[in-house]
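> This is the content of structure-v2.txt (compact mmCIF, C-alpha atoms and all ligand atoms):
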# COMPACT_ATOMS: atom_id res chain seq x y z
CA SER A 1 -30.17 7.36 41.56
CA ASN A 2 -27.54 8.44 39.09
CA PHE A 3 -27.56 6.42 35.88
CA TRP A 4 -24.09 7.73 34.96
CA SER A 5 -22.17 7.48 38.22
CA ASN A 6 -19.71 5.08 36.60
CA VAL A 7 -18.50 7.75 34.13
CA GLN A 8 -15.13 9.17 35.17
CA MET A 9 -13.61 12.48 34.12
CA GLY A 10 -11.54 11.91 30.98
CA PRO A 11 -8.21 13.62 30.25
CA PRO A 12 -8.48 16.87 28.24
CA ASP A 13 -7.33 16.86 24.61
CA VAL A 14 -3.60 17.63 24.71
CA ILE A 15 -3.58 20.08 21.80
CA LEU A 16 -6.81 21.87 22.67
CA GLY A 17 -5.46 22.15 26.24
CA VAL A 18 -2.51 24.21 24.95
CA THR A 19 -4.89 26.66 23.28
CA GLU A 20 -6.95 26.95 26.48
CA ALA A 21 -3.83 27.88 28.46
CA PHE A 22 -2.81 30.36 25.74
CA LYS A 23 -6.20 32.09 25.85
CA LYS A 24 -5.93 32.61 29.61
CA ASP A 25 -2.48 34.27 29.34
CA LYS A 26 -2.74 38.08 29.51
CA SER A 27 0.76 38.84 28.22
CA PRO A 28 0.90 40.90 24.97
CA LYS A 29 3.95 38.87 23.96
CA LYS A 30 2.15 35.52 24.02
CA VAL A 31 2.52 33.18 21.02
CA ASN A 32 0.47 30.05 20.31
CA LEU A 33 2.56 27.42 18.55
CA GLY A 34 0.22 24.59 19.50
CA VAL A 35 -2.53 25.23 17.01
CA GLY A 36 -2.81 22.88 14.05
CA ALA A 37 -4.34 25.40 11.67
CA TYR A 38 -2.68 27.74 9.17
CA ARG A 39 -2.33 31.41 10.08
CA ASP A 40 -1.31 34.23 7.74
CA ASP A 41 1.58 36.59 8.44
CA ASN A 42 -0.72 38.63 10.70
CA ASN A 43 -1.49 35.49 12.75
CA LYS A 44 -5.04 35.44 11.42
CA PRO A 45 -7.03 32.52 9.96
CA TYR A 46 -6.74 32.59 6.18
CA ILE A 47 -9.62 32.36 3.71
CA LEU A 48 -8.19 31.23 0.39
CA PRO A 49 -9.09 33.54 -2.54
CA SER A 50 -10.06 30.44 -4.57
CA VAL A 51 -12.46 29.37 -1.82
CA ARG A 52 -14.00 32.83 -1.59
CA GLN A 53 -14.61 32.86 -5.35
CA ALA A 54 -16.05 29.34 -5.29
CA GLU A 55 -18.45 30.39 -2.52
CA GLU A 56 -19.69 33.32 -4.59
CA ILE A 57 -20.26 31.13 -7.65
CA ILE A 58 -22.13 28.54 -5.56
CA PHE A 59 -24.27 31.18 -3.86
CA LYS A 60 -25.40 32.51 -7.24
CA LYS A 61 -26.46 29.03 -8.32
CA CYS A 62 -29.24 29.08 -5.67
CA LEU A 63 -28.83 25.36 -5.05
CA ASN A 64 -31.25 23.44 -2.81
CA HIS A 65 -30.35 21.62 0.37
CA GLU A 66 -31.46 18.10 -0.44
CA TYR A 67 -29.57 15.12 1.00
CA ALA A 68 -26.35 14.00 -0.66
CA PRO A 69 -26.06 10.30 -1.58
CA ILE A 70 -24.70 8.09 1.25
CA GLY A 71 -21.16 8.15 -0.12
CA GLY A 72 -21.39 11.80 -1.17
CA ASP A 73 -21.64 13.34 -4.61
CA ALA A 74 -20.11 11.21 -7.40
CA THR A 75 -18.55 14.19 -9.23
CA TYR A 76 -16.81 15.21 -6.01
CA ALA A 77 -15.57 11.67 -5.43
CA ASN A 78 -14.11 11.41 -8.95
CA LEU A 79 -12.32 14.76 -8.73
CA VAL A 80 -10.90 14.02 -5.31
CA ALA A 81 -9.74 10.52 -6.25
CA LYS A 82 -7.86 12.01 -9.22
CA LEU A 83 -6.32 14.71 -7.05
CA GLY A 84 -4.96 12.04 -4.71
CA LEU A 85 -4.13 9.17 -7.03
CA GLY A 86 -3.25 11.30 -10.06
CA ASP A 87 -4.72 11.79 -13.53
CA ASN A 88 -2.91 8.68 -14.79
CA SER A 89 -4.02 6.35 -12.03
CA LEU A 90 -4.51 2.85 -13.40
CA ALA A 91 -6.90 2.01 -10.55
CA ILE A 92 -9.21 4.86 -11.56
CA LYS A 93 -9.00 3.92 -15.24
CA GLU A 94 -9.83 0.30 -14.40
CA LYS A 95 -12.57 1.37 -11.95
CA ARG A 96 -10.85 -0.50 -9.12
CA ASN A 97 -11.15 2.38 -6.68
CA VAL A 98 -13.92 3.11 -4.20
CA THR A 99 -13.98 6.79 -3.20
CA ILE A 100 -16.53 8.32 -0.86
CA GLN A 101 -16.91 11.70 0.78
CA THR A 102 -16.24 11.70 4.52
CA LEU A 103 -16.34 14.15 7.42
CA SER A 104 -12.85 15.48 6.77
CA GLY A 105 -9.72 13.41 7.39
CA THR A 106 -10.80 12.21 10.84
CA GLY A 107 -14.05 10.90 9.39
CA ALA A 108 -12.13 9.09 6.63
CA LEU A 109 -9.88 7.42 9.21
CA ARG A 110 -12.81 6.51 11.43
CA VAL A 111 -14.88 5.00 8.59
CA GLY A 112 -11.78 3.27 7.22
CA PHE A 113 -10.78 1.78 10.59
CA GLU A 114 -14.37 0.80 11.30
CA PHE A 115 -14.54 -0.92 7.93
CA ILE A 116 -11.38 -2.81 8.87
CA ALA A 117 -12.92 -3.78 12.23
CA ASN A 118 -16.02 -5.14 10.51
CA HIS A 119 -14.78 -6.59 7.24
CA TYR A 120 -11.05 -7.23 7.25
CA SER A 121 -10.31 -10.94 7.40
CA HIS A 122 -6.51 -10.81 7.72
CA SER A 123 -4.29 -9.77 10.63
CA LYS A 124 -6.40 -7.08 12.29
CA GLU A 125 -3.49 -5.09 13.69
CA ILE A 126 -2.82 -1.49 12.75
CA TRP A 127 0.82 -0.46 12.84
CA LEU A 128 1.40 3.23 13.48
CA PRO A 129 4.61 5.26 13.13
CA ALA A 130 6.33 6.27 16.37
CA PRO A 131 5.35 8.98 17.01
CA THR A 132 2.07 9.69 15.24
CA TRP A 133 -0.97 11.97 15.42
CA GLY A 134 -2.67 11.30 18.77
CA ASN A 135 -6.03 10.54 17.21
CA HIS A 136 -4.72 7.46 15.34
CA PRO A 137 -4.29 5.27 18.45
CA GLN A 138 -7.39 6.82 19.97
CA ILE A 139 -9.62 5.76 17.08
CA CYS A 140 -8.12 2.25 17.25
CA ASN A 141 -8.85 2.12 20.99
CA MET A 142 -12.42 3.26 20.49
CA LEU A 143 -12.93 0.45 17.97
CA ARG A 144 -10.90 -2.06 20.00
CA ILE A 145 -8.48 -2.65 17.13
CA PRO A 146 -5.02 -3.62 18.39
CA HIS A 147 -2.39 -1.05 17.40
CA LYS A 148 1.37 -1.21 17.57
CA LYS A 149 4.27 1.07 16.69
CA TYR A 150 7.02 0.87 14.14
CA ARG A 151 10.18 2.98 14.38
CA TYR A 152 9.95 6.18 12.32
CA TYR A 153 11.59 9.22 13.92
CA ASP A 154 15.20 9.20 15.01
CA PRO A 155 15.70 11.70 17.86
CA ARG A 156 19.48 11.63 17.32
CA THR A 157 19.27 12.96 13.76
CA HIS A 158 15.84 14.62 14.06
CA GLY A 159 15.21 12.72 10.80
CA PHE A 160 13.70 9.52 9.39
CA ASP A 161 14.96 6.19 10.77
CA LEU A 162 14.91 4.14 7.55
CA GLN A 163 16.83 1.21 8.96
CA GLY A 164 14.79 0.94 12.16
CA CYS A 165 11.60 1.35 10.17
CA CYS A 166 12.49 -1.46 7.74
CA GLU A 167 13.61 -3.76 10.56
CA ASP A 168 10.30 -3.26 12.36
CA ILE A 169 8.25 -3.70 9.19
CA CYS A 170 9.97 -7.02 8.60
CA SER A 171 8.59 -8.33 11.90
CA ILE A 172 4.98 -7.24 11.27
CA PRO A 173 2.62 -10.23 10.75
CA PRO A 174 1.62 -10.55 7.07
CA GLY A 175 -1.75 -9.08 6.22
CA SER A 176 -1.54 -6.37 8.92
CA ILE A 177 -2.33 -2.76 8.16
CA ILE A 178 0.46 -0.18 8.13
CA LEU A 179 -0.49 3.45 8.53
CA LEU A 180 1.70 5.92 6.62
CA HIS A 181 1.55 9.72 6.63
CA ALA A 182 1.59 10.54 2.91
CA CYS A 183 3.42 13.84 3.46
CA ALA A 184 4.16 16.46 6.11
CA HIS A 185 4.23 13.92 8.95
CA ASN A 186 2.46 15.10 12.09
CA PRO A 187 3.97 15.68 14.65
CA THR A 188 7.58 15.43 13.39
CA GLY A 189 7.62 17.18 9.99
CA VAL A 190 9.90 14.34 8.86
CA ASP A 191 9.08 12.62 5.56
CA PRO A 192 10.96 9.79 3.81
CA LYS A 193 12.83 10.88 0.66
CA PRO A 194 11.58 9.52 -2.72
CA GLU A 195 14.18 6.72 -2.76
CA GLU A 196 13.26 5.82 0.83
CA TRP A 197 9.59 5.58 -0.18
CA GLN A 198 10.73 3.24 -2.93
CA THR A 199 12.39 0.99 -0.36
CA LEU A 200 9.33 1.13 1.91
CA SER A 201 7.07 0.19 -0.99
CA GLU A 202 9.21 -2.87 -1.73
CA VAL A 203 9.44 -4.03 1.89
CA ILE A 204 5.73 -3.49 2.55
CA LYS A 205 4.85 -5.43 -0.62
CA GLU A 206 7.16 -8.25 0.30
CA LYS A 207 5.69 -8.48 3.80
CA LYS A 208 2.15 -8.46 2.29
CA LEU A 209 0.92 -5.53 4.39
CA LEU A 210 -2.04 -3.30 3.55
CA PRO A 211 -0.86 0.34 3.37
CA PHE A 212 -3.30 2.94 4.73
CA PHE A 213 -2.20 6.46 3.76
CA ASP A 214 -3.29 9.43 5.83
CA MET A 215 -2.96 12.46 3.55
CA ALA A 216 -4.12 15.45 5.59
CA TYR A 217 -1.62 17.91 4.10
CA GLN A 218 -1.49 17.44 0.31
CA GLY A 219 0.20 20.59 -1.02
CA PHE A 220 1.31 21.79 2.39
CA ALA A 221 4.69 20.07 2.38
CA THR A 222 6.28 21.28 -0.85
CA GLY A 223 3.63 23.70 -2.09
CA ASN A 224 2.81 21.33 -4.96
CA VAL A 225 -0.08 18.87 -4.71
CA ASP A 226 1.49 16.41 -7.17
CA ASN A 227 4.84 16.29 -5.38
CA ASP A 228 3.10 15.73 -2.07
CA ALA A 229 1.13 12.78 -3.49
CA PHE A 230 4.35 11.10 -4.63
CA ALA A 231 4.23 8.24 -2.11
CA VAL A 232 0.57 7.37 -2.66
CA ARG A 233 1.01 7.34 -6.44
CA LEU A 234 4.23 5.33 -6.22
CA PHE A 235 2.53 2.65 -4.12
CA GLU A 236 -0.38 2.51 -6.55
CA LYS A 237 2.01 2.19 -9.49
CA ASP A 238 3.84 -0.58 -7.63
CA GLY A 239 0.58 -2.53 -7.54
CA HIS A 240 -0.37 -2.18 -3.86
CA GLN A 241 -3.96 -2.47 -2.78
CA LEU A 242 -4.30 0.47 -0.45
CA MET A 243 -6.53 2.77 1.56
CA LEU A 244 -6.32 6.56 1.51
CA ALA A 245 -7.73 9.24 3.81
CA GLN A 246 -7.85 12.77 2.36
CA SER A 247 -8.72 16.07 3.99
CA PHE A 248 -9.41 19.55 2.66
CA ALA A 249 -9.11 21.14 6.09
CA LYS A 250 -5.58 22.42 5.61
CA ASN A 251 -4.98 22.68 1.88
CA MET A 252 -8.23 24.56 1.24
CA GLY A 253 -8.58 26.03 4.73
CA LEU A 254 -11.97 24.30 5.02
CA TYR A 255 -11.39 23.11 8.61
CA GLY A 256 -14.91 23.54 9.97
CA GLU A 257 -16.62 22.43 6.76
CA ARG A 258 -15.50 18.86 7.54
CA VAL A 259 -14.83 17.77 3.99
CA GLY A 260 -12.59 14.84 3.08
CA ALA A 261 -12.59 11.46 1.40
CA LEU A 262 -11.84 7.79 1.93
CA SER A 263 -10.59 5.66 -0.96
CA PHE A 264 -9.85 1.98 -1.37
CA VAL A 265 -7.66 0.87 -4.26
CA CYS A 266 -8.84 -2.70 -4.80
CA ALA A 267 -7.55 -5.75 -6.66
CA ASP A 268 -10.44 -5.73 -9.14
CA GLN A 269 -13.69 -4.04 -10.07
CA ASP A 270 -15.93 -6.64 -8.41
CA THR A 271 -14.17 -6.22 -5.07
CA ALA A 272 -14.58 -2.45 -5.42
CA ALA A 273 -18.32 -2.85 -5.98
CA ASN A 274 -18.64 -5.15 -2.95
CA ILE A 275 -16.71 -2.73 -0.74
CA MET A 276 -18.81 0.20 -1.94
CA SER A 277 -22.01 -1.62 -1.00
CA GLN A 278 -20.74 -2.38 2.51
CA VAL A 279 -19.25 1.08 3.09
CA LYS A 280 -22.66 2.54 2.33
CA ILE A 281 -24.31 0.29 4.92
CA LEU A 282 -21.70 1.37 7.47
CA ILE A 283 -22.16 5.08 6.77
CA ARG A 284 -25.93 4.80 6.83
CA THR A 285 -25.69 3.72 10.47
CA LEU A 286 -23.18 6.43 11.40
CA TYR A 287 -24.50 9.68 9.91
CA SER A 288 -26.63 8.65 6.89
CA ASN A 289 -24.90 10.95 4.41
CA PRO A 290 -22.27 13.70 4.43
CA ALA A 291 -22.66 17.49 4.52
CA ILE A 292 -23.03 19.25 1.18
CA ASN A 293 -21.49 22.69 1.51
CA GLY A 294 -17.79 21.83 1.77
CA SER A 295 -17.93 19.30 -1.04
CA ARG A 296 -19.58 21.89 -3.30
CA ILE A 297 -16.68 24.26 -2.70
CA VAL A 298 -14.10 21.55 -3.39
CA THR A 299 -15.98 20.42 -6.52
CA GLU A 300 -16.18 23.98 -7.85
CA ILE A 301 -12.47 24.57 -7.31
CA LEU A 302 -11.28 21.28 -8.76
CA SER A 303 -13.57 21.37 -11.81
CA ASN A 304 -13.24 25.05 -12.78
CA PRO A 305 -9.82 25.48 -14.52
CA GLU A 306 -9.41 29.12 -13.45
CA LEU A 307 -10.28 28.43 -9.83
CA ARG A 308 -8.10 25.35 -9.78
CA ALA A 309 -5.12 27.40 -11.02
CA GLN A 310 -5.86 30.00 -8.36
CA TRP A 311 -6.07 27.29 -5.68
CA LEU A 312 -2.70 25.83 -6.66
CA CYS A 313 -1.22 29.33 -6.17
CA ASP A 314 -3.02 29.69 -2.82
CA VAL A 315 -1.60 26.38 -1.54
CA LYS A 316 1.87 27.33 -2.70
CA GLU A 317 1.61 30.68 -0.98
CA MET A 318 0.77 29.00 2.34
CA ALA A 319 3.53 26.40 1.98
CA ASP A 320 6.07 29.07 0.97
CA ARG A 321 5.25 31.21 3.99
CA ILE A 322 5.88 28.25 6.25
CA ILE A 323 9.16 27.37 4.48
CA ASN A 324 10.25 31.01 4.80
CA MET A 325 9.42 31.08 8.53
CA ARG A 326 11.47 27.90 9.04
CA LYS A 327 14.46 29.63 7.43
CA LYS A 328 14.05 32.77 9.52
CA LEU A 329 13.61 30.83 12.76
CA ARG A 330 16.73 28.74 12.13
CA GLU A 331 18.76 31.83 11.17
CA GLY A 332 17.52 33.66 14.26
CA ILE A 333 18.64 30.87 16.62
CA GLU A 334 21.99 30.35 14.85
CA ARG A 335 22.71 34.10 14.68
CA ARG A 336 22.63 34.17 18.48
CA GLY A 337 25.52 31.70 18.58
CA ASN A 338 23.47 28.76 19.89
CA LYS A 339 25.70 25.70 20.28
CA LEU A 340 23.13 23.09 19.18
CA LYS A 341 22.37 22.06 15.59
CA TRP A 342 19.21 23.53 14.05
CA GLN A 343 19.33 22.26 10.48
CA HIS A 344 16.31 20.04 11.17
CA ILE A 345 14.10 23.14 11.33
CA THR A 346 14.58 23.64 7.60
CA ASP A 347 14.95 19.92 6.73
CA GLN A 348 11.56 19.10 8.22
CA ILE A 349 8.52 19.89 6.15
CA GLY A 350 4.86 20.92 6.43
CA MET A 351 3.12 22.71 9.23
CA PHE A 352 4.96 21.11 12.15
CA CYS A 353 8.49 21.12 13.43
CA TYR A 354 9.79 18.75 16.07
CA THR A 355 12.21 21.17 17.68
CA GLY A 356 13.91 18.73 20.03
CA LEU A 357 13.01 20.93 23.04
CA LYS A 358 12.80 18.77 26.17
CA PRO A 359 9.72 18.89 28.45
CA ASP A 360 11.51 21.11 31.01
CA GLN A 361 12.55 23.52 28.23
CA VAL A 362 8.95 23.59 26.97
CA ALA A 363 7.79 24.41 30.49
CA ARG A 364 10.37 27.24 30.70
CA ILE A 365 9.57 28.75 27.32
CA THR A 366 5.91 28.86 28.30
CA LYS A 367 6.54 30.26 31.78
CA ASP A 368 9.24 32.82 30.90
CA PHE A 369 8.30 33.75 27.32
CA HIS A 370 4.55 33.02 27.09
CA ILE A 371 5.15 30.71 24.14
CA TYR A 372 2.74 27.78 24.04
CA LEU A 373 3.44 24.36 22.48
CA THR A 374 2.90 20.68 23.22
CA LYS A 375 5.20 18.93 25.73
CA ASP A 376 6.83 16.85 22.99
CA GLY A 377 8.49 20.02 21.64
CA ARG A 378 6.32 20.18 18.52
CA ILE A 379 5.69 23.67 17.19
CA SER A 380 3.23 24.69 14.52
CA VAL A 381 5.32 26.82 12.16
CA ALA A 382 2.04 28.34 10.97
CA GLY A 383 1.89 30.16 14.31
CA ILE A 384 5.14 31.98 13.49
CA SER A 385 5.04 35.28 11.60
CA SER A 386 7.40 38.10 10.59
CA SER A 387 6.43 39.95 13.75
CA ASN A 388 7.17 37.16 16.27
CA VAL A 389 9.87 35.02 14.61
CA ASP A 390 12.72 36.89 16.24
CA TYR A 391 11.10 36.67 19.66
CA VAL A 392 10.56 32.91 19.25
CA ALA A 393 14.18 32.45 18.08
CA GLU A 394 15.45 34.39 21.11
CA ALA A 395 13.30 32.31 23.45
CA ILE A 396 14.43 28.98 21.95
CA HIS A 397 18.03 30.14 22.15
CA LYS A 398 17.67 31.13 25.79
CA VAL A 399 15.99 27.93 26.98
CA THR A 400 18.51 25.71 25.16
CA SER A 401 21.70 27.55 26.24
N1 LIG B 501 -4.40 13.19 10.03
C1 LIG B 501 -3.42 13.95 10.53
C2 LIG B 501 -2.04 13.41 10.58
C3 LIG B 501 -3.70 15.23 10.99
O1 LIG B 501 -2.72 15.98 11.48
C4 LIG B 501 -5.03 15.71 10.93
C5 LIG B 501 -5.35 17.04 11.45
O2 LIG B 501 -4.72 17.62 12.27
C6 LIG B 501 -6.01 14.86 10.37
C7 LIG B 501 -5.65 13.61 9.94
C8 LIG B 501 -7.45 15.19 10.20
O3 LIG B 501 -7.91 16.44 10.31
P1 LIG B 501 -9.37 16.79 9.82
O4 LIG B 501 -10.29 15.78 10.42
O5 LIG B 501 -9.59 18.15 10.34
O6 LIG B 501 -9.35 16.70 8.34
Turn this file's structure into C-alpha cells for me.


Amino acid sequence: SNFWSNVQMGPPDVILGVTEAFKKDKSPKKVNLGVGAYRDDNNKPYILPSVRQAEEIIFKKCLNHEYAPIGGDATYANLVAKLGLGDNSLAIKEKRNVTIQTLSGTGALRVGFEFIANHYSHSKEIWLPAPTWGNHPQICNMLRIPHKKYRYYDPRTHGFDLQGCCEDICSIPPGSIILLHACAHNPTGVDPKPEEWQTLSEVIKEKKLLPFFDMAYQGFATGNVDNDAFAVRLFEKDGHQLMLAQSFAKNMGLYGERVGALSFVCADQDTAANIMSQVKILIRTLYSNPAINGSRIVTEILSNPELRAQWLCDVKEMADRIINMRKKLREGIERRGNKLKWQHITDQIGMFCYTGLKPDQVARITKDFHIYLTKDGRISVAGISSSNVDYVAEAIHKVTS
C-alpha cells in the first residue's frame, strides 16, 4: 500500500518557474527579468566588498562552531534592531523591543505569523496589500490565518492608491494586523511618499491595527538605509506597537546565508520579556537556534566603522545601478516613439518594476524576444544591464505598439 497516495502534485513556484524556462532557452539573446536577486552590470551575482572583507576578518578569528542562543546572538540583535529602528529609537532605549535572529526575511515572517497564530488575542486577520509578495498569503494559508486584501496599487496611474487604501483600512476590524512593505514594494516598486506614510500612520492608529512591516530591501530603494527605514521609524515615533521583519539577503547580498531578524516593539518592558520567553519556546520547536555564519558577517560589518562605511557605499552602488537602468530603459522605449506613458519606470523604486505589460504581451516578449518575466508584467530591474537595456527597450516597444 501507498501511505502517501492522497498527496497531489502541487503547482510549481511561479518565480522559480520563470528561471527554469529561461535556463532551457538556447538563444544567446535571452534575458532573465524574473529573478529576485541583484546582478552586476555583467549580469553576474555580486559579492559586496564589505562582505568579502568581513569574511576574511572572521576567518582569521578561528571561531568555533558552537550553537547560537535560541534567539541568536545578542550583539547581532542589538545592531540589527538599531539599523531598522534607528539610533534614536525610544523603544530600544526603553528596552521595549524584542529582536531575534531569524532565517532571513521569510523566517522572520513565518515566526512572526506563527507567533500571531499562537498568541495574538485580538482580531486574527492579516490584511495584505493588493498585490503583494506571493509568499505572504502562502504563509498565512499554511498557518490557517485568515488573510484579506486592502487596495494599494492603482493600475491606472501605476502608482499608490492612497484614497482606496485609506477607505479599505477604515473597514478593517480593530485589532487586526496590517502588513506593510517598509520600502521597495514587491512586486510593484510603488512606495507611499513620506506624507502618505504620515496619513497611513494616523489612520492605522485610529483604527487600532497592529502594523507588521516587511523590510526586505532596506537601502535598495533610495541607496540610503536611513531613508528606506523612514516608515518604520515614523510609526515607532508615532507610538505604534509594531512587528518588523528584516532581511540581509538583498542589501548585503547574503541570500543563501539566510540571515534576518524579527522584532516586536511592545507597549512596555514586561510585555517584551514575556514575548521573548514565548518566542524562544516557539523557535525551539521549529529549528532550535539559527545559523551562525551569516550573522557573524552582519555583526562584523555593522560593528566595524570602516566596514560599515564600505557597506553603505556598496548598497548605494547597487541602488544607483538600478536607478540608472530604470532611466535608460525608459529613455530607450520613449526614444522609439512609443505612444504609451513610461514615467512609472523611473517613479517606481527598488529592484522591481511593474511595467503594465499585459499577460499576452508577456507571452509575446518571451516567445519573440526570449525575455523572461512573471505574467503580472513585473520585471526585476537588476536583470537589466548596459549590454541588454537597449534590446529590452526595443522588445517592450514592439510588444506594446
Ligand atoms: N519579503 C519580500 C517582500 C520579499 O520580496 C522577499 C524576498 O524576495 C522576502 C520578504 C524574503 O526574502 P528572504 O527570505 O530571502 O530574506

> Hey, which residues sit close to ligand LIG 501 (chain B)? Say within 7 Å, counting all atoms listed in the file, and write them as an NGL selection string.

:A and (36 or 103-107 or 133 or 181 or 185-186 or 214-216 or 247-249 or 255 or 258 or 260)

> Just C-alpha atoms for this one: save the residues we selected as a short mmCIF file (atom, residue, chain, number, x, y, z; two decimals), in the frame of the given file.


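File produced: part_32.cif:
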data_model
loop_
_atom_site.label_atom_id
_atom_site.label_comp_id
_atom_site.auth_asym_id
_atom_site.auth_seq_id
_atom_site.Cartn_x
_atom_site.Cartn_y
_atom_site.Cartn_z
CA GLY A 36 -2.81 22.88 14.05
CA LEU A 103 -16.34 14.15 7.42
CA SER A 104 -12.85 15.48 6.77
CA GLY A 105 -9.72 13.41 7.39
CA THR A 106 -10.80 12.21 10.84
CA GLY A 107 -14.05 10.90 9.39
CA TRP A 133 -0.97 11.97 15.42
CA HIS A 181 1.55 9.72 6.63
CA HIS A 185 4.23 13.92 8.95
CA ASN A 186 2.46 15.10 12.09
CA ASP A 214 -3.29 9.43 5.83
CA MET A 215 -2.96 12.46 3.55
CA ALA A 216 -4.12 15.45 5.59
CA SER A 247 -8.72 16.07 3.99
CA PHE A 248 -9.41 19.55 2.66
CA ALA A 249 -9.11 21.14 6.09
CA TYR A 255 -11.39 23.11 8.61
CA ARG A 258 -15.50 18.86 7.54
CA GLY A 260 -12.59 14.84 3.08
#

> For each of A:Phe352, A:Tyr287, A:Trp4, A:Phe115, take the minimum atom-to-atom distance to A:Asp376, counting all atoms listed in the file, then give the residue where this is smallest.

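For A:Asp376, the nearest of the candidates is A:Phe352.
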
> So, counting all atoms listed in the file, which residue among A:Ile145, A:Leu234, A:Leu109, A:Ile172 is closest to A:Pro194?

A:Leu234

> Using atom CA of A:Leu210 and atom CA of A:Asn227 as the two end points, give the distance in Å to one decimal.

22.6 Å

> Give me, as a ChimeraX atom specification, all polymer residues having an atom no more than 8 Å from A:Thr374, counting all atoms listed in the file and skipping those fewer than 3 positions away in the same chain.

/A:14-15,18,34,362,377-379

> Only C-alpha atoms, please: the residues just picked out, written as an mmCIF file, in the frame of the given file.


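Saved to selection03.cif:
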data_model
loop_
_atom_site.group_PDB
_atom_site.id
_atom_site.type_symbol
_atom_site.label_atom_id
_atom_site.label_comp_id
_atom_site.auth_asym_id
_atom_site.auth_seq_id
_atom_site.Cartn_x
_atom_site.Cartn_y
_atom_site.Cartn_z
ATOM 1 C CA VAL A 14 -3.600 17.630 24.710
ATOM 2 C CA ILE A 15 -3.580 20.080 21.800
ATOM 3 C CA VAL A 18 -2.510 24.210 24.950
ATOM 4 C CA GLY A 34 0.220 24.590 19.500
ATOM 5 C CA VAL A 362 8.950 23.590 26.970
ATOM 6 C CA GLY A 377 8.490 20.020 21.640
ATOM 7 C CA ARG A 378 6.320 20.180 18.520
ATOM 8 C CA ILE A 379 5.690 23.670 17.190
#

> At what distance in Å, to one decimal, does atom CA of A:Arg151 lie from atom CA of A:Gln241?

22.9 Å

> Which residue is closest to A:Asn251? Choose from A:Lys375, A:Arg335, A:Lys316, A:Lys149 and count only C-alpha atoms.

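Checking each candidate against A:Asn251, we get A:Lys316 as the closest.
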